[in-house]
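Worksheet: the structure to be examined is printed underneath.
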Amino acid sequence: QVHLVESGGGSVQSGGSLRLSCLASGATFSIDAMAWYRQTPGKERKLVAMITNGGGAHYIDSVKDRFTISRDDANHHTVYLQMNNLRSEDTAVYYCVADASGPRYWGQGTQVTVSS
């Protein structure tokens, strides 16, 4: 089992920045990649960004050049999402995800609200 705890959400005005953090604990040796998803009311959760154990990162087009996913190299199982130039359409609940050789684990989510 892997346990994920997110922090860093909140409210910000359009153009502002927030940094989300995700700390993984438990069977972290089994984690292959970590990612951030987001969900708005009535819609499915969607991938925002992911990072592999090798450090490779992937972003959806709408956040490229604005968001950066990174890891704490001293602790591969702490992942961050730096979000700059936030837009109202970035408003969502953001979830940390760990893919662990089969099972996928989810955090509890953290709300990000961007006001225009």
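Every chain in the structure tokens takes a letter, A first, then B, and so on in the order presented; its residues are numbered from 1, and the ligands are numbered from 1 following the presented order.
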
Report task. Fewer than 6 positions away in the same chain doesn't count, so skip those; otherwise give me all residues within 12 Å of A:Ile51, counting only C-alpha atoms, as a list of chain:residue names. Result ->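 The contact residues come out as A:Ile31, A:Asp32, A:Ala33, A:Met34, A:Ala35, A:Trp36, A:Ala57, A:His58, A:Tyr59, A:Thr68, A:Ile69, A:Ser70, A:Arg71, A:Asp72, A:His76, A:His77, A:Thr78, A:Val79, A:Tyr80, A:Leu81, A:Cys96, A:Val97, A:Ala98, A:Asp99.
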
Print the selection's residues with N, CA and C atoms to a file, as a PDB file, in the first residue's frame.
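Final output, saved to again34.pdb:
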```pdb
ATOM      1  N   ILE A  31       6.861   2.281  -6.417  1.00  0.00           N
ATOM      2  CA  ILE A  31       6.356   3.360  -7.282  1.00  0.00           C
ATOM      3  C   ILE A  31       7.196   3.490  -8.550  1.00  0.00           C
ATOM      4  N   ASP A  32       6.529   3.483  -9.692  1.00  0.00           N
ATOM      5  CA  ASP A  32       7.193   3.659 -10.981  1.00  0.00           C
ATOM      6  C   ASP A  32       7.132   5.109 -11.463  1.00  0.00           C
ATOM      7  N   ALA A  33       6.025   5.757 -11.217  1.00  0.00           N
ATOM      8  CA  ALA A  33       5.831   7.134 -11.673  1.00  0.00           C
ATOM      9  C   ALA A  33       4.807   7.799 -10.772  1.00  0.00           C
ATOM     10  N   MET A  34       4.874   9.124 -10.750  1.00  0.00           N
ATOM     11  CA  MET A  34       3.890   9.892  -9.996  1.00  0.00           C
ATOM     12  C   MET A  34       3.310  10.967 -10.898  1.00  0.00           C
ATOM     13  N   ALA A  35       2.110  11.367 -10.581  1.00  0.00           N
ATOM     14  CA  ALA A  35       1.427  12.305 -11.464  1.00  0.00           C
ATOM     15  C   ALA A  35       0.461  13.170 -10.673  1.00  0.00           C
ATOM     16  N   TRP A  36       0.004  14.218 -11.322  1.00  0.00           N
ATOM     17  CA  TRP A  36      -1.070  15.067 -10.818  1.00  0.00           C
ATOM     18  C   TRP A  36      -2.232  14.986 -11.808  1.00  0.00           C
ATOM     19  N   ALA A  57       9.355  13.952 -17.758  1.00  0.00           N
ATOM     20  CA  ALA A  57       8.108  14.634 -17.420  1.00  0.00           C
ATOM     21  C   ALA A  57       7.223  14.772 -18.649  1.00  0.00           C
ATOM     22  N   HIS A  58       5.931  14.750 -18.406  1.00  0.00           N
ATOM     23  CA  HIS A  58       4.941  14.906 -19.466  1.00  0.00           C
ATOM     24  C   HIS A  58       3.859  15.850 -18.973  1.00  0.00           C
ATOM     25  N   TYR A  59       3.393  16.742 -19.865  1.00  0.00           N
ATOM     26  CA  TYR A  59       2.373  17.718 -19.512  1.00  0.00           C
ATOM     27  C   TYR A  59       1.265  17.721 -20.564  1.00  0.00           C
ATOM     28  N   THR A  68       5.171  23.110 -13.700  1.00  0.00           N
ATOM     29  CA  THR A  68       6.369  22.290 -13.665  1.00  0.00           C
ATOM     30  C   THR A  68       6.213  21.218 -12.597  1.00  0.00           C
ATOM     31  N   ILE A  69       6.379  19.968 -12.997  1.00  0.00           N
ATOM     32  CA  ILE A  69       6.363  18.861 -12.043  1.00  0.00           C
ATOM     33  C   ILE A  69       7.806  18.509 -11.717  1.00  0.00           C
ATOM     34  N   SER A  70       8.073  18.253 -10.447  1.00  0.00           N
ATOM     35  CA  SER A  70       9.438  17.946 -10.040  1.00  0.00           C
ATOM     36  C   SER A  70       9.411  17.013  -8.837  1.00  0.00           C
ATOM     37  N   ARG A  71      10.600  16.456  -8.552  1.00  0.00           N
ATOM     38  CA  ARG A  71      10.724  15.570  -7.401  1.00  0.00           C
ATOM     39  C   ARG A  71      11.800  16.111  -6.478  1.00  0.00           C
ATOM     40  N   ASP A  72      11.723  15.711  -5.242  1.00  0.00           N
ATOM     41  CA  ASP A  72      12.789  15.968  -4.287  1.00  0.00           C
ATOM     42  C   ASP A  72      13.778  14.829  -4.469  1.00  0.00           C
ATOM     43  N   HIS A  76      12.755  10.552  -3.483  1.00  0.00           N
ATOM     44  CA  HIS A  76      12.058  10.457  -4.764  1.00  0.00           C
ATOM     45  C   HIS A  76      10.548  10.445  -4.628  1.00  0.00           C
ATOM     46  N   HIS A  77      10.071  10.248  -3.416  1.00  0.00           N
ATOM     47  CA  HIS A  77       8.638  10.096  -3.288  1.00  0.00           C
ATOM     48  C   HIS A  77       7.955  11.318  -2.725  1.00  0.00           C
ATOM     49  N   THR A  78       8.588  12.463  -2.891  1.00  0.00           N
ATOM     50  CA  THR A  78       7.937  13.751  -2.692  1.00  0.00           C
ATOM     51  C   THR A  78       7.913  14.442  -4.040  1.00  0.00           C
ATOM     52  N   VAL A  79       6.735  14.765  -4.486  1.00  0.00           N
ATOM     53  CA  VAL A  79       6.554  15.359  -5.804  1.00  0.00           C
ATOM     54  C   VAL A  79       5.855  16.702  -5.667  1.00  0.00           C
ATOM     55  N   TYR A  80       6.265  17.633  -6.512  1.00  0.00           N
ATOM     56  CA  TYR A  80       5.702  18.980  -6.470  1.00  0.00           C
ATOM     57  C   TYR A  80       5.075  19.332  -7.815  1.00  0.00           C
ATOM     58  N   LEU A  81       4.143  20.245  -7.769  1.00  0.00           N
ATOM     59  CA  LEU A  81       3.594  20.833  -8.991  1.00  0.00           C
ATOM     60  C   LEU A  81       3.601  22.340  -8.803  1.00  0.00           C
ATOM     61  N   CYS A  96      -2.943  13.829  -6.296  1.00  0.00           N
ATOM     62  CA  CYS A  96      -1.653  13.187  -6.497  1.00  0.00           C
ATOM     63  C   CYS A  96      -1.901  11.704  -6.758  1.00  0.00           C
ATOM     64  N   VAL A  97      -1.137  11.150  -7.682  1.00  0.00           N
ATOM     65  CA  VAL A  97      -1.298   9.752  -8.072  1.00  0.00           C
ATOM     66  C   VAL A  97       0.057   9.066  -8.087  1.00  0.00           C
ATOM     67  N   ALA A  98       0.092   7.836  -7.611  1.00  0.00           N
ATOM     68  CA  ALA A  98       1.300   7.008  -7.694  1.00  0.00           C
ATOM     69  C   ALA A  98       0.960   5.716  -8.420  1.00  0.00           C
ATOM     70  N   ASP A  99       1.707   5.443  -9.465  1.00  0.00           N
ATOM     71  CA  ASP A  99       1.574   4.183 -10.186  1.00  0.00           C
ATOM     72  C   ASP A  99       2.659   3.241  -9.667  1.00  0.00           C
TER      73      ASP A  99
END
```

Residues of stretch 3-82 of chain A that have any atom at most 12 Å from an atom of stretch 100-107 of chain A: could you tabulate them with the shortest-distance atom pair and the distance in Å to one decimal, using only C-alpha atoms, ordered by chain and increasing number, as CSV?
```
residue,atom,partner,partner_atom,distance
A:His3,CA,A:Gly107,CA,7.2
A:Leu4,CA,A:Gly107,CA,4.7
A:Val5,CA,A:Gly107,CA,5.6
A:Glu6,CA,A:Gly107,CA,6.5
A:Ser7,CA,A:Gly107,CA,10.1
A:Ser21,CA,A:Gly107,CA,11.0
A:Cys22,CA,A:Gly107,CA,8.2
A:Leu23,CA,A:Gly107,CA,9.4
A:Ala24,CA,A:Gly107,CA,9.1
A:Ser25,CA,A:Tyr105,CA,11.2
A:Gly26,CA,A:Tyr105,CA,11.3
A:Ala27,CA,A:Ala100,CA,8.7
A:Thr28,CA,A:Ala100,CA,8.0
A:Phe29,CA,A:Ala100,CA,8.4
A:Ser30,CA,A:Ala100,CA,4.9
A:Ile31,CA,A:Ala100,CA,4.0
A:Asp32,CA,A:Ala100,CA,5.4
A:Ala33,CA,A:Ala100,CA,7.3
A:Met34,CA,A:Ala100,CA,8.8
A:Ala35,CA,A:Trp106,CA,9.7
A:Trp36,CA,A:Trp106,CA,9.5
A:Tyr37,CA,A:Trp106,CA,9.4
A:Arg38,CA,A:Gly107,CA,11.4
A:Arg45,CA,A:Trp106,CA,11.2
A:Thr52,CA,A:Ala100,CA,11.1
A:Asn53,CA,A:Ala100,CA,11.0
A:His77,CA,A:Ala100,CA,11.6
```

Query raised in the report: When DSSP works through the backbone of this structure, what residues of chain A end up as helix (DSSP H, G or I), shown as a list in words?
Result: Thr28, Phe29, Ser30, Asp61, Ser62, Val63, Ser88, Glu89 and Asp90 of chain A

Query raised in the report: Among chain A, which ones does DSSP place in strand (DSSP E), written as an MDAnalysis selection string?
Result: chainID A and resid 2:7 10:13 18:26 33:39 46:52 57:59 67:72 75:83 92:99 104:106 110:115

Requested in this report: For A:Ser115, please output as a ChimeraX atom specification all residues within 7 Å (counting only C-alpha atoms; exclusion window: fewer than 3 positions along the same chain).
Outcome: /A:12-14,88

Produce a file of the selected residues containing N, CA and C atoms, as a compact mmCIF listing (two decimals), in the first residue's frame.
```
# COMPACT_ATOMS: atom_id res chain seq x y z
N VAL A 12 -6.34 31.85 -5.37
CA VAL A 12 -5.39 32.82 -5.92
C VAL A 12 -6.08 33.55 -7.08
N GLN A 13 -5.61 34.74 -7.35
CA GLN A 13 -6.15 35.48 -8.48
C GLN A 13 -5.48 35.03 -9.77
N SER A 14 -6.19 35.26 -10.86
CA SER A 14 -5.65 34.93 -12.17
C SER A 14 -4.28 35.56 -12.35
N SER A 88 -8.46 30.92 -14.69
CA SER A 88 -9.70 30.46 -14.05
C SER A 88 -10.01 29.01 -14.43
```

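Atom CA of A:Arg66 is positioned 15.0 Å from atom CA of A:Val112.
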
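In terms of minimum interatomic distance to A:Val114, A:Asp90 ranks closest within A:Lys46, A:Gln1, A:Asn84, A:Asp90, counting only C-alpha atoms.
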